[in-house]
Structures are given as C-alpha cells and as structure tokens.
Amino acid sequence: MKMHVTVIGGGMIVHDQILPSLYQLRRKGLVGNITICARNKTTLDTLAANERIAKAFPGESFTATTACYKDVLANAAQRNLTIIALPDQLHFDAVMTAIDAQQHVICVKPLVQKIQQAKIIEKAAQDRNLFVGVEYHKRFDDRALMARDRYRAGHFGDFKLGTARLFEKWYYRHSNFQNWFSMENSDAFTYIGCHYVDLVHFITGLLPVSISVAGVPEKFPNGTDAWMWTDARVKWSNGALLNVQNALGYPDQGPGSNTQGMTLWTSLGDRGGFLNHTDSHRGLEYCYVDGGYSEPSPDYMQYVPNHLGPGERVVGYGYRSIEALVEAAQSVEADPKQLEVIETQGIVATASNSSYNELVTEAARLSLENEGREVLIQYGTLPFVHLKSYL
Ligand SMILES: NC(=O)c1ccc[n+]([C@@H]2O[C@H](COP(=O)([O-])OP(=O)(O)OC[C@H]3O[C@@H](n4cnc5c(N)ncnc54)[C@H](O)[C@@H]3O)[C@@H](O)[C@H]2O)c1
C-alpha cells in the first residue's frame, strides 16, 4: 500500500530525519505524494535546495505550500498520513485537525503537554480507526530493543537507580528555537529528557509515579528567557529513581553532535547488575587532515552509498523509526484490528500506550514552575498530576 504524506512544519527535524526517510520510503514504494506545509516560503525553498538531501535522492522532490495547515489538511486525500513536526506547544491543535481530516498521524515527540489533550486525541483517533503514532526514535536503536528483551527476560533483575543525560549543541540557541523554546512553552527536560524517560519504560515496563524538575534559566541571543539547563528526578512504580540532566549546552567545539547516555543499576536477591549505554560516543574517532576531529554516531541517521542505483540511502534508527510508524499506519488502514496488536506490543509508541509521557511532561512543567517541588502522577480512568503535599 502506498500512502500520500502531508508534513506540517519544515524545520530541523524535517531536514535531519523526516524528509530523507520519506524519500527513501518512496523509493521503496511505500509513500506516494509528499507535501510539506510551512509558514515561510524560505523554509521550504531551503529544504528543497538542500544539497545533502538532493545528492542522496536525485530526482526526488516534494510539493511545497505556505497555505494554512487547516486548509491543506481539509483538501488532503482522506485516510492517508500526516506528520506533525511543529514546535511542542502547537502539536495538539495540529494533531486534532489532522484527525478531523481523517488522517493517520505521526507526531514528533512530545505528543502533547497535557494528559487531557492526549486522552482527547486517543478517543478521536479510536472513533475513526485512525493510527496516531509518536516518534520516539530511540526505541528503534537496536541497543534499546536488546535491553528491553534482556530486561524482560529477567537478566538484569529490577531497576533501582539510574542516571541519564542528553545535551544538544550550543548552536541550537542561534536557531529557530529562539522563537518557540521559551519558558512558557518548553524546557530542556520536556524537549529531550522525555526520550530517556520513555526508554526506561520501554525497557523495564515500569511507570513513572512522581517527578521533580529544577532548571537553570538563560537567555537566547534574541533575549528570550529559557529553561536552558534542567535536572530531573523521576520515581518509578517499583520505587526506583532516575536522574535526568538536559541542556541546550553541549559545546559546539565538542567532538560529537551531542552528549548522551544512560546507566541503570539493578538487583535481584543479593546480586547486583547494571546496563550502561554510551549513546553519543559510539566508538568512531575521525581525525581529519584539515585539523578537525569528530566522533560521529553511525547509528541515528547516516548517508551511505546506494547499492541499487544512483544517489545514497539513509541508515540508522532515525530512518527505521519513520519506516516503522509509516508501516504501522498502513497496517491499520488495511485492517483496523491491527490497532490493538500495535497497542499491545508496545514497540511503536501511540497516543494511548505512551500517555505516561504526557503525565511526565505535565508534571515536569508544574514542578519547574514551583522551583522543583515534587509532583505526583495518579493513574486510573481519569489520570492527573498534583503537587505533593507535605502537611
Ligand atoms: N530528538 C527528537 O525527537 C527531536 C529532535 C528535534 C525536534 N523534535 C521535535 O520536533 C518539533 C519541531 O522541532 P524542530 O527541531 O524541527 O524545530 P524548528 O524550530 O527547527 O522547526 C519548527 C518548524 O515549525 C514552524 N513553525 C510553525 N509555527 C511556528 C511558531 N509559532 N513558532 C516557531 N516555529 C513555527 C517553523 O517555521 C519550522 O518550520 C518539536 O516538537 C521538537 O520537540 C524532536
């Protein structure tokens, strides 16, 4: 089955991951027309003229539009696919508009920032037999799948204490992030910390039950205040604790494209175990003759020669994640019963099976606004979050 794809937003994530992946899927016959909708013509022109993408996918192109996404989606062929790649705080309206237009949806993480919004999305999608997937690409890093398998087979025992970090490069501060990554919209934890919270659940099956996040604010070059550095403590349903540190703060002169990794300490009876993922330095060290040194990751998104024709292809978990989500949407369109299979398997994140992430985000935002006070997460038919009372 071939699906037409409408992408809403044309920023960094579309350039780095979504568009090259869609071109590759079109080469494989899984994707039909690709339309990208953005507010500014220059965003679309820059994307269309990008040499890196054009070199890998000669002859591939997309339809560009600066029309309002509501109009674009109203005219899109029904029961096809929409990918939402807008700033975090705009996801809810865009996802709901796509569902109303009878579109299967893939949304970049975090799906939304409030659990109630996630529940509304979940119900609206279920009523129409539509798939709503959330793009947590770290799940498609083979090391995460291996860890999930081994943890769930009991090889590690129980998770007790962990630490994770993901710092993006300093230059993000000079990008379009200045226009949306303000204190009232997002923060370093909401933006990237959610990946490791999601991974801990993905691997262990545990649920987060409380969170406390404190931040260090700094200004963007345009003067906007942001939670540029954050420190979070997440408590899990078995009592385990995870510390997560995040920032737009990895030095530009650092050798990789970020710094990231996770260590989980575990135990069973009187024996201990651990799981340690070094996720930024993956063993490659390149020293170039012009004096440059880098430690590239071969695992997220890389361009390698195409063995079946001209150009190149993309490899890595960034591509595999988009492929898996597109395949999931197609399988649901072919047979709505597939929705339950996907939900239950829990490999692909959906609005419904990953809604603990919305609870974490909502709790984190509340904690940040209250100088790091602990916020409790309550599950049940009407899940909610609230500040812990010490009275
Ligand atoms: N690791 C990841 O999973 C990952 C990485 C990057 C981005 N993302 C997510 O993707 C989304 C977009 O991030 P990005 O890195 O592409 O951001 P970006 O700032 O580079 O691009 C944002 C896009 O949205 C458009 N836009 C529409 N309305 C806007 C508004 N009111 N303010 C600012 N921009 C507006 C911009 O024109 C641009 O095309 C975010 O939700 C982000 O969290 C996820």
# chains A, B, ... in the order shown; residues from 1 in each chain; ligands from 1

call {"tool": "residues_near_ligand", "arguments": {"ligand": "ligand 1", "cutoff": "8 Å", "atoms": "only C-alpha atoms and all ligand atoms", "output": "PyMOL selection string"}}
result
chain A and resi 8-15+38-40+43+84-91+108-111+135-137+175-180+191-192+195

call {"tool": "closest_residue", "arguments": {"among": "A:Met262, A:Val360, A:Leu248, A:Cys107", "to": "A:Trp229", "atoms": "only C-alpha atoms"}}
result
A:Leu248

call {"tool": "atom_distance", "arguments": {"atom1": "atom CA of A:Trp170", "atom2": "atom CA of A:Ala247"}}
result
8.7 Å

call {"tool": "closest_atom_pairs", "arguments": {"of": "stretch 75-183 of chain A", "to": "stretch 362-381 of chain A", "cutoff": "8 Å", "atoms": "only C-alpha atoms", "output": "Markdown table"}}
result
| residue | atom | partner | partner_atom | distance |
| --- | --- | --- | --- | --- |
| A:Gln113 | CA | A:Glu362 | CA | 5.6 |
| A:Lys114 | CA | A:Glu362 | CA | 5.3 |
| A:Ile115 | CA | A:Glu362 | CA | 7.1 |

call {"tool": "closest_residue", "arguments": {"among": "A:Ala101, A:Met183, A:Leu81, A:Ala67", "to": "A:Gly32", "atoms": "only C-alpha atoms"}}
result
A:Leu81

call {"tool": "closest_residue", "arguments": {"among": "A:Tyr390, A:Phe274, A:Trp227, A:Phe202", "to": "A:Leu145", "atoms": "only C-alpha atoms"}}
result
A:Phe202

call {"tool": "closest_residue", "arguments": {"among": "A:Pro255, A:Ile34, A:Glu323, A:Arg152", "to": "A:His281", "atoms": "only C-alpha atoms"}}
result
A:Pro255

call {"tool": "closest_residue", "arguments": {"among": "A:Ala147, A:Met301, A:Leu44, A:Leu359", "to": "A:Val315", "atoms": "only C-alpha atoms"}}
result
A:Met301

call {"tool": "closest_atom_pairs", "arguments": {"of": "stretch 267-386 of chain A", "to": "stretch 161-168 of chain A", "cutoff": "12 Å", "atoms": "only C-alpha atoms", "output": "tab-separated table"}}
result
residue	atom	partner	partner_atom	distance
A:Ser267	CA	A:Leu161	CA	9.7
A:Gly272	CA	A:Leu161	CA	11.3
A:Gly273	CA	A:Leu161	CA	10.9
A:Phe274	CA	A:Gly162	CA	9.2
A:Leu275	CA	A:Gly162	CA	9.3
A:Asn276	CA	A:Gly162	CA	9.6
A:His277	CA	A:Ala164	CA	9.2
A:Thr278	CA	A:Ala164	CA	9.9
A:Asp279	CA	A:Leu166	CA	9.0
A:Ser280	CA	A:Leu166	CA	8.9

call {"tool": "select_by_dssp", "arguments": {"residues": "stretch 91-177 of chain A", "states": "alpha helix (DSSP H)", "output": "number ranges by chain"}}
result
A: 91-100, 115-127, 142-152

call {"tool": "closest_residue", "arguments": {"among": "A:Asp149, A:Thr204, A:Ala64, A:Asn246", "to": "A:Asp187", "atoms": "only C-alpha atoms"}}
result
A:Asn246
